[in-house]
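> Just target-v6.csv, nothing more (CSV, N, CA and C atoms):
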```csv
chain,number,residue,atom,x,y,z
T,1,MET,N,103.9,81.3,93.7
T,1,MET,CA,104.3,82.7,93.5
T,1,MET,C,105.6,82.8,92.8
T,2,MET,N,105.7,83.8,92.0
T,2,MET,CA,107.0,84.1,91.3
T,2,MET,C,107.5,85.4,91.8
T,3,THR,N,108.8,85.5,92.0
T,3,THR,CA,109.4,86.8,92.5
T,3,THR,C,110.7,87.1,91.7
T,4,PHE,N,111.0,88.4,91.5
T,4,PHE,CA,112.2,88.8,90.9
T,4,PHE,C,112.5,90.2,91.4
T,5,LYS,N,113.8,90.6,91.2
T,5,LYS,CA,114.2,92.0,91.5
T,5,LYS,C,114.9,92.5,90.2
T,6,VAL,N,114.6,93.7,89.8
T,6,VAL,CA,115.2,94.3,88.6
T,6,VAL,C,115.5,95.8,88.9
T,7,ASP,N,116.5,96.3,88.2
T,7,ASP,CA,116.8,97.7,88.3
T,7,ASP,C,117.0,98.4,86.9
T,8,ASN,N,116.5,97.6,85.8
T,8,ASN,CA,116.6,98.1,84.5
T,8,ASN,C,115.4,97.5,83.7
T,9,LEU,N,115.1,98.3,82.6
T,9,LEU,CA,113.9,97.9,81.8
T,9,LEU,C,114.1,96.6,81.0
T,10,LYS,N,115.4,96.4,80.5
T,10,LYS,CA,115.6,95.2,79.7
T,10,LYS,C,115.4,93.9,80.6
T,11,ASP,N,115.9,93.9,81.8
T,11,ASP,CA,115.7,92.7,82.7
T,11,ASP,C,114.3,92.6,83.1
T,12,MET,N,113.6,93.8,83.2
T,12,MET,CA,112.2,93.7,83.6
T,12,MET,C,111.4,93.0,82.5
T,13,HIS,N,111.6,93.3,81.2
T,13,HIS,CA,110.9,92.7,80.1
T,13,HIS,C,111.1,91.2,80.1
T,14,SER,N,112.3,90.7,80.3
T,14,SER,CA,112.5,89.3,80.2
T,14,SER,C,111.9,88.6,81.4
T,15,SER,N,112.0,89.2,82.6
T,15,SER,CA,111.4,88.7,83.8
T,15,SER,C,109.9,88.6,83.7
T,16,LEU,N,109.3,89.6,83.1
T,16,LEU,CA,107.8,89.6,82.9
T,16,LEU,C,107.4,88.6,81.9
T,17,GLN,N,108.2,88.3,80.9
T,17,GLN,CA,107.9,87.2,80.0
T,17,GLN,C,107.9,85.9,80.7
T,18,GLU,N,108.8,85.7,81.7
T,18,GLU,CA,108.8,84.5,82.5
T,18,GLU,C,107.6,84.4,83.4
T,19,PHE,N,107.2,85.5,83.9
T,19,PHE,CA,106.0,85.6,84.7
T,19,PHE,C,104.7,85.1,83.9
T,20,VAL,N,104.6,85.6,82.7
T,20,VAL,CA,103.5,85.3,81.9
T,20,VAL,C,103.5,83.8,81.6
T,21,ALA,N,104.7,83.2,81.3
T,21,ALA,CA,104.8,81.8,81.1
T,21,ALA,C,104.4,81.0,82.3
T,22,TYR,N,104.8,81.5,83.5
T,22,TYR,CA,104.3,80.9,84.7
T,22,TYR,C,102.8,80.9,84.9
T,23,LEU,N,102.2,82.1,84.5
T,23,LEU,CA,100.7,82.2,84.6
T,23,LEU,C,100.0,81.2,83.6
T,24,ARG,N,100.6,81.0,82.5
T,24,ARG,CA,100.0,80.2,81.5
T,24,ARG,C,99.9,78.7,82.0
T,25,GLY,N,100.7,78.4,82.9
T,25,GLY,CA,100.6,77.1,83.6
T,25,GLY,C,99.3,76.9,84.4
T,26,TYR,N,98.7,78.0,84.7
T,26,TYR,CA,97.4,78.0,85.4
T,26,TYR,C,96.2,78.1,84.4
T,27,GLY,N,96.5,78.1,83.1
T,27,GLY,CA,95.5,78.1,82.1
T,27,GLY,C,94.8,79.4,81.9
T,28,ILE,N,95.5,80.5,82.2
T,28,ILE,CA,94.8,81.8,82.0
T,28,ILE,C,94.6,82.2,80.5
T,29,THR,N,93.7,83.1,80.2
T,29,THR,CA,93.5,83.5,78.9
T,29,THR,C,94.6,84.4,78.4
T,30,GLU,N,94.7,84.6,77.1
T,30,GLU,CA,95.7,85.5,76.6
T,30,GLU,C,95.4,87.0,77.0
T,31,ASP,N,94.2,87.3,77.2
T,31,ASP,CA,93.8,88.7,77.6
T,31,ASP,C,94.3,88.9,79.1
T,32,ASP,N,94.2,87.9,79.9
T,32,ASP,CA,94.7,88.0,81.3
T,32,ASP,C,96.2,88.0,81.3
T,33,ALA,N,96.8,87.3,80.4
T,33,ALA,CA,98.3,87.3,80.3
T,33,ALA,C,98.7,88.7,79.9
T,34,PHE,N,98.0,89.3,79.0
T,34,PHE,CA,98.4,90.6,78.5
T,34,PHE,C,98.2,91.7,79.6
T,35,PHE,N,97.1,91.6,80.3
T,35,PHE,CA,96.8,92.6,81.4
T,35,PHE,C,97.8,92.4,82.5
T,36,SER,N,98.2,91.2,82.8
T,36,SER,CA,99.1,90.9,83.9
T,36,SER,C,100.5,91.5,83.6
T,37,ARG,N,100.9,91.4,82.3
T,37,ARG,CA,102.2,91.9,81.9
T,37,ARG,C,102.1,93.4,81.9
T,38,LEU,N,101.0,94.0,81.4
T,38,LEU,CA,100.8,95.5,81.4
T,38,LEU,C,100.9,96.0,82.8
T,39,VAL,N,100.2,95.5,83.8
T,39,VAL,CA,100.2,96.0,85.2
T,39,VAL,C,101.6,95.8,85.8
T,40,GLY,N,102.2,94.7,85.6
T,40,GLY,CA,103.6,94.5,86.1
T,40,GLY,C,104.6,95.5,85.5
T,41,CYS,N,104.5,95.7,84.2
T,41,CYS,CA,105.4,96.6,83.5
T,41,CYS,C,105.2,98.0,84.0
T,42,GLU,N,104.0,98.5,84.1
T,42,GLU,CA,103.8,99.9,84.6
T,42,GLU,C,104.3,100.1,86.0
T,43,LEU,N,104.0,99.1,86.9
T,43,LEU,CA,104.4,99.3,88.3
T,43,LEU,C,105.9,99.2,88.5
T,44,VAL,N,106.5,98.3,87.8
T,44,VAL,CA,108.0,98.1,87.9
T,44,VAL,C,108.7,99.3,87.3
T,45,THR,N,108.2,99.8,86.1
T,45,THR,CA,108.7,100.9,85.5
T,45,THR,C,108.7,102.2,86.3
T,46,ASN,N,107.6,102.3,87.1
T,46,ASN,CA,107.5,103.5,88.0
T,46,ASN,C,108.5,103.5,89.0
T,47,VAL,N,108.8,102.3,89.6
T,47,VAL,CA,109.8,102.2,90.7
T,47,VAL,C,111.2,102.6,90.1
T,48,ILE,N,111.5,102.0,88.9
T,48,ILE,CA,112.8,102.2,88.3
T,48,ILE,C,113.0,103.7,87.9
T,49,ARG,N,112.0,104.2,87.2
T,49,ARG,CA,112.1,105.6,86.6
T,49,ARG,C,111.9,106.7,87.6
T,50,HIS,N,110.9,106.5,88.5
T,50,HIS,CA,110.5,107.6,89.3
T,50,HIS,C,111.1,107.5,90.7
T,51,CYS,N,111.4,106.3,91.2
T,51,CYS,CA,112.0,106.2,92.5
T,51,CYS,C,113.5,106.0,92.4
T,52,GLY,N,114.0,105.7,91.1
T,52,GLY,CA,115.4,105.4,90.9
T,52,GLY,C,116.0,104.3,91.8
T,53,ALA,N,115.2,103.2,91.9
T,53,ALA,CA,115.5,102.2,92.8
T,53,ALA,C,115.3,100.8,92.1
T,54,MET,N,115.8,99.8,92.9
T,54,MET,CA,115.6,98.4,92.5
T,54,MET,C,114.1,98.1,92.8
T,55,ALA,N,113.4,97.4,91.9
T,55,ALA,CA,112.0,97.1,92.1
T,55,ALA,C,111.9,95.6,92.4
T,56,SER,N,111.1,95.3,93.4
T,56,SER,CA,110.9,93.9,93.8
T,56,SER,C,109.5,93.6,93.4
T,57,PHE,N,109.4,92.4,92.7
T,57,PHE,CA,108.1,92.0,92.1
T,57,PHE,C,107.7,90.6,92.7
T,58,CYS,N,106.5,90.4,93.0
T,58,CYS,CA,105.9,89.2,93.5
T,58,CYS,C,104.6,89.0,92.8
T,59,GLY,N,104.3,87.9,92.1
T,59,GLY,CA,103.0,87.7,91.5
T,59,GLY,C,102.6,86.3,91.4
T,60,GLY,N,101.3,86.1,91.4
T,60,GLY,CA,100.8,84.7,91.3
T,60,GLY,C,99.3,84.7,91.2
T,61,VAL,N,98.8,83.5,91.2
T,61,VAL,CA,97.3,83.3,91.2
T,61,VAL,C,96.8,83.0,92.6
T,62,GLU,N,95.8,83.8,93.0
T,62,GLU,CA,95.2,83.6,94.3
T,62,GLU,C,93.7,83.5,94.1
T,63,GLY,N,93.1,82.4,94.2
T,63,GLY,CA,91.6,82.2,93.9
T,63,GLY,C,91.3,82.6,92.5
T,64,ASP,N,90.4,83.6,92.4
T,64,ASP,CA,90.0,84.0,91.0
T,64,ASP,C,90.7,85.3,90.6
T,65,ALA,N,91.9,85.6,91.1
T,65,ALA,CA,92.6,86.8,90.7
T,65,ALA,C,94.1,86.5,90.5
T,66,ILE,N,94.7,87.3,89.7
T,66,ILE,CA,96.2,87.4,89.5
T,66,ILE,C,96.6,88.5,90.4
T,67,VAL,N,97.4,88.2,91.4
T,67,VAL,CA,97.9,89.2,92.4
T,67,VAL,C,99.3,89.6,92.1
T,68,ILE,N,99.6,90.9,92.0
T,68,ILE,CA,100.9,91.4,91.7
T,68,ILE,C,101.2,92.5,92.8
T,69,THR,N,102.4,92.3,93.4
T,69,THR,CA,102.9,93.3,94.4
T,69,THR,C,104.2,93.7,94.0
T,70,VAL,N,104.4,95.1,93.9
T,70,VAL,CA,105.7,95.7,93.5
T,70,VAL,C,106.0,96.7,94.6
T,71,SER,N,107.3,96.6,95.0
T,71,SER,CA,107.8,97.5,96.0
T,71,SER,C,109.2,98.1,95.5
T,72,SER,N,109.6,99.1,96.2
T,72,SER,CA,110.8,99.8,95.9
T,72,SER,C,111.8,99.6,97.1
T,73,ASP,N,113.0,99.5,96.7
T,73,ASP,CA,114.1,99.4,97.8
T,73,ASP,C,114.4,100.8,98.3
T,74,ALA,N,113.9,101.9,97.7
T,74,ALA,CA,114.1,103.2,98.1
T,74,ALA,C,113.1,103.7,99.1
T,75,ALA,N,113.4,104.7,99.9
T,75,ALA,CA,112.4,105.2,100.9
T,75,ALA,C,111.3,105.9,100.2
T,76,LYS,N,111.6,106.4,99.0
T,76,LYS,CA,110.6,107.2,98.2
T,76,LYS,C,109.6,106.2,97.6
T,77,SER,N,108.3,106.4,97.7
T,77,SER,CA,107.4,105.5,97.1
T,77,SER,C,106.5,106.2,96.1
T,78,PHE,N,105.7,105.5,95.4
T,78,PHE,CA,104.8,106.1,94.4
T,78,PHE,C,103.4,105.9,94.7
T,79,ARG,N,102.5,106.7,94.2
T,79,ARG,CA,101.1,106.6,94.4
T,79,ARG,C,100.4,106.5,93.1
T,80,LEU,N,99.3,105.8,93.1
T,80,LEU,CA,98.4,105.6,91.9
T,80,LEU,C,97.5,106.8,91.8
T,81,CYS,N,97.5,107.4,90.6
T,81,CYS,CA,96.6,108.5,90.4
T,81,CYS,C,95.4,107.9,89.6
T,82,PRO,N,94.2,107.8,90.2
T,82,PRO,CA,93.1,107.2,89.5
T,82,PRO,C,92.4,108.1,88.5
T,83,ASP,N,92.7,109.4,88.5
T,83,ASP,CA,92.1,110.3,87.6
T,83,ASP,C,92.8,110.3,86.2
T,84,MET,N,92.1,110.5,85.2
T,84,MET,CA,92.7,110.5,83.8
T,84,MET,C,93.5,111.8,83.7
T,85,PRO,N,94.8,111.7,83.4
T,85,PRO,CA,95.6,112.9,83.2
T,85,PRO,C,95.3,113.6,81.9
T,86,ASP,N,95.8,114.7,81.8
T,86,ASP,CA,95.6,115.5,80.5
T,86,ASP,C,96.1,114.5,79.4
T,87,VAL,N,95.4,114.4,78.3
T,87,VAL,CA,95.7,113.6,77.2
T,87,VAL,C,97.1,113.8,76.6
T,88,LEU,N,97.5,115.1,76.7
T,88,LEU,CA,98.9,115.4,76.2
T,88,LEU,C,100.0,115.4,77.3
T,89,ALA,N,99.6,114.9,78.5
T,89,ALA,CA,100.6,114.8,79.5
T,89,ALA,C,101.7,113.8,79.1
T,90,GLU,N,102.9,114.1,79.5
T,90,GLU,CA,104.0,113.2,79.2
T,90,GLU,C,104.1,112.0,80.1
T,91,SER,N,103.4,112.0,81.2
T,91,SER,CA,103.4,110.8,82.1
T,91,SER,C,102.1,110.8,82.8
T,92,GLY,N,101.9,109.7,83.5
T,92,GLY,CA,100.7,109.5,84.3
T,92,GLY,C,99.6,108.6,83.7
T,93,ARG,N,99.6,108.4,82.4
T,93,ARG,CA,98.6,107.6,81.8
T,93,ARG,C,98.7,106.2,82.2
T,94,GLY,N,99.9,105.7,82.4
T,94,GLY,CA,100.1,104.2,82.7
T,94,GLY,C,99.4,103.8,84.0
T,95,LEU,N,99.6,104.7,85.0
T,95,LEU,CA,98.9,104.3,86.3
T,95,LEU,C,97.4,104.4,86.2
T,96,TYR,N,96.9,105.3,85.4
T,96,TYR,CA,95.5,105.4,85.2
T,96,TYR,C,95.0,104.1,84.5
T,97,ILE,N,95.8,103.6,83.6
T,97,ILE,CA,95.4,102.3,82.9
T,97,ILE,C,95.5,101.1,83.9
T,98,VAL,N,96.5,101.1,84.8
T,98,VAL,CA,96.6,100.0,85.8
T,98,VAL,C,95.3,100.1,86.7
T,99,ASN,N,94.9,101.2,87.1
T,99,ASN,CA,93.7,101.3,87.9
T,99,ASN,C,92.5,100.8,87.1
T,100,ALA,N,92.4,101.1,85.9
T,100,ALA,CA,91.2,100.7,85.1
T,100,ALA,C,91.3,99.1,84.9
T,101,VAL,N,92.4,98.6,84.6
T,101,VAL,CA,92.6,97.1,84.4
T,101,VAL,C,92.2,96.4,85.7
T,102,CYS,N,92.6,96.9,86.8
T,102,CYS,CA,92.3,96.3,88.1
T,102,CYS,C,91.0,96.7,88.7
T,103,ARG,N,90.2,97.5,88.0
T,103,ARG,CA,88.9,97.9,88.4
T,103,ARG,C,89.0,98.5,89.8
T,104,GLY,N,90.1,99.2,90.1
T,104,GLY,CA,90.2,99.9,91.4
T,104,GLY,C,90.7,99.0,92.5
T,105,ASP,N,91.0,97.7,92.2
T,105,ASP,CA,91.4,96.8,93.3
T,105,ASP,C,92.9,96.8,93.5
T,106,ILE,N,93.3,98.0,94.1
T,106,ILE,CA,94.7,98.3,94.3
T,106,ILE,C,94.8,98.7,95.8
T,107,SER,N,95.9,98.3,96.4
T,107,SER,CA,96.1,98.7,97.8
T,107,SER,C,97.5,99.1,98.0
T,108,PHE,N,97.8,100.0,99.0
T,108,PHE,CA,99.1,100.4,99.3
T,108,PHE,C,99.4,100.0,100.7
T,109,GLY,N,100.6,99.5,100.9
T,109,GLY,CA,101.0,99.0,102.3
T,109,GLY,C,102.5,99.1,102.4
T,110,ASP,N,102.9,98.7,103.6
T,110,ASP,CA,104.4,98.7,103.8
T,110,ASP,C,105.1,97.8,102.9
T,111,ASP,N,104.4,96.8,102.3
T,111,ASP,CA,105.1,95.9,101.4
T,111,ASP,C,105.0,96.4,99.9
T,112,GLY,N,104.5,97.6,99.6
T,112,GLY,CA,104.4,98.1,98.3
T,112,GLY,C,103.0,98.3,97.8
T,113,VAL,N,102.9,98.2,96.5
T,113,VAL,CA,101.6,98.3,95.8
T,113,VAL,C,101.1,97.0,95.4
T,114,THR,N,99.9,96.6,95.8
T,114,THR,CA,99.3,95.3,95.4
T,114,THR,C,98.1,95.6,94.4
T,115,ALA,N,98.2,94.9,93.3
T,115,ALA,CA,97.1,95.1,92.3
T,115,ALA,C,96.5,93.7,92.0
T,116,LYS,N,95.2,93.6,91.9
T,116,LYS,CA,94.5,92.4,91.7
T,116,LYS,C,93.8,92.5,90.4
T,117,ILE,N,94.0,91.5,89.5
T,117,ILE,CA,93.4,91.4,88.2
T,117,ILE,C,92.4,90.2,88.2
T,118,LYS,N,91.1,90.4,88.1
T,118,LYS,CA,90.1,89.4,88.2
T,118,LYS,C,90.4,88.5,86.9
T,119,ILE,N,90.5,87.1,87.1
T,119,ILE,CA,90.7,86.2,86.1
T,119,ILE,C,89.4,86.0,85.3
T,120,ASN,N,89.6,86.0,83.9
T,120,ASN,CA,88.5,85.8,83.0
T,120,ASN,C,87.9,84.4,83.3
T,121,ALA,N,86.6,84.3,83.4
T,121,ALA,CA,86.0,83.0,83.7
T,121,ALA,C,86.1,82.1,82.6
T,122,ASN,N,86.3,82.5,81.4
T,122,ASN,CA,86.5,81.7,80.2
T,122,ASN,C,87.9,81.3,79.9
T,123,ARG,N,88.5,80.5,80.8
T,123,ARG,CA,89.9,80.1,80.7
T,123,ARG,C,90.1,79.3,79.4
T,124,VAL,N,91.3,79.3,78.9
T,124,VAL,CA,91.7,78.5,77.7
T,124,VAL,C,91.7,77.0,78.1
```
Just give me the structure as structure tokens.

Amino acid sequence: MMTFKVDNLKDMHSSLQEFVAYLRGYGITEDDAFFSRLVGCELVTNVIRHCGAMASFCGGVEGDAIVITVSSDAAKSFRLCPDMPDVLAESGRGLYIVNAVCRGDISFGDDGVTAKIKINANRV
């Protein structure tokens, strides 16, 4: 498992690049690397922007899935909206995309939001 804490988008991007490099050690496909970065980016960005807090990230490979858990140091939490927002909405599309990428395999708990991305069977 790889973990990090960030409170700004610049550090988030570099930390997610390190996470993708970590995942490549498991031989994941470029598509899975892309989707993992996308999910991590959306969830961490929501904590930083909407909760105004430090985001804690934990991610790794468990069986046939990439598992990402993101939590907030703030008491305020965020929820995933599985419905497609108005196409002209200024926000909300990212969480819809996370739900689609994870095929609804997302859970909320005391430790934050956990998203599971099924690994492509055709590994590199």
> Please return as a PyMOL selection string every residue within 5 Å of (91.1, 84.6, 83.4), taking into account only N, CA and C atoms and the file's own coordinates.
chain T and resi 28-29+119-121
> Can you find the residues with an atom no farther than 8 Å from (110.2, 86.9, 89.5), counting only N, CA and C atoms, and report them as a compact mmCIF listing (two decimals) with N, CA and C atoms, keeping the file's coordinate frame?

```txt
# COMPACT_ATOMS: atom_id res chain seq x y z
N MET T 1 103.90 81.30 93.70
CA MET T 1 104.30 82.70 93.50
C MET T 1 105.60 82.80 92.80
N MET T 2 105.70 83.80 92.00
CA MET T 2 107.00 84.10 91.30
C MET T 2 107.50 85.40 91.80
N THR T 3 108.80 85.50 92.00
CA THR T 3 109.40 86.80 92.50
C THR T 3 110.70 87.10 91.70
N PHE T 4 111.00 88.40 91.50
CA PHE T 4 112.20 88.80 90.90
C PHE T 4 112.50 90.20 91.40
N LYS T 5 113.80 90.60 91.20
CA LYS T 5 114.20 92.00 91.50
C LYS T 5 114.90 92.50 90.20
N SER T 15 112.00 89.20 82.60
CA SER T 15 111.40 88.70 83.80
C SER T 15 109.90 88.60 83.70
N LEU T 16 109.30 89.60 83.10
CA LEU T 16 107.80 89.60 82.90
C LEU T 16 107.40 88.60 81.90
N GLU T 18 108.80 85.70 81.70
CA GLU T 18 108.80 84.50 82.50
C GLU T 18 107.60 84.40 83.40
N PHE T 19 107.20 85.50 83.90
CA PHE T 19 106.00 85.60 84.70
C PHE T 19 104.70 85.10 83.90
N SER T 56 111.10 95.30 93.40
CA SER T 56 110.90 93.90 93.80
C SER T 56 109.50 93.60 93.40
N PHE T 57 109.40 92.40 92.70
CA PHE T 57 108.10 92.00 92.10
C PHE T 57 107.70 90.60 92.70
N CYS T 58 106.50 90.40 93.00
CA CYS T 58 105.90 89.20 93.50
C CYS T 58 104.60 89.00 92.80
N GLY T 59 104.30 87.90 92.10
CA GLY T 59 103.00 87.70 91.50
C GLY T 59 102.60 86.30 91.40
```
> So which one's closest to Ser72 of chain T, T:Ser91, T:Thr114, T:Ser14, T:Asn46? Using only C-alpha atoms, please.
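When distances to Ser72 of chain T are compared using only C-alpha atoms, the smallest one comes from T:Asn46.
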> Restricting the calculation to only C-alpha atoms, which member of T:Arg93, T:Ala74, T:Leu9, T:Ser107 is positioned closest to Met54 of chain T?
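Looking only at the distances to Met54 of chain T, the closest residue turns out to be T:Ala74.
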> Could you check the closest approach to Val98 of chain T for each of T:Val39, T:His13, T:Val6, T:Val20 and tell me which residue wins, using only N, CA and C atoms?
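Counting only N, CA and C atoms, the residue closest to Val98 of chain T is T:Val39.
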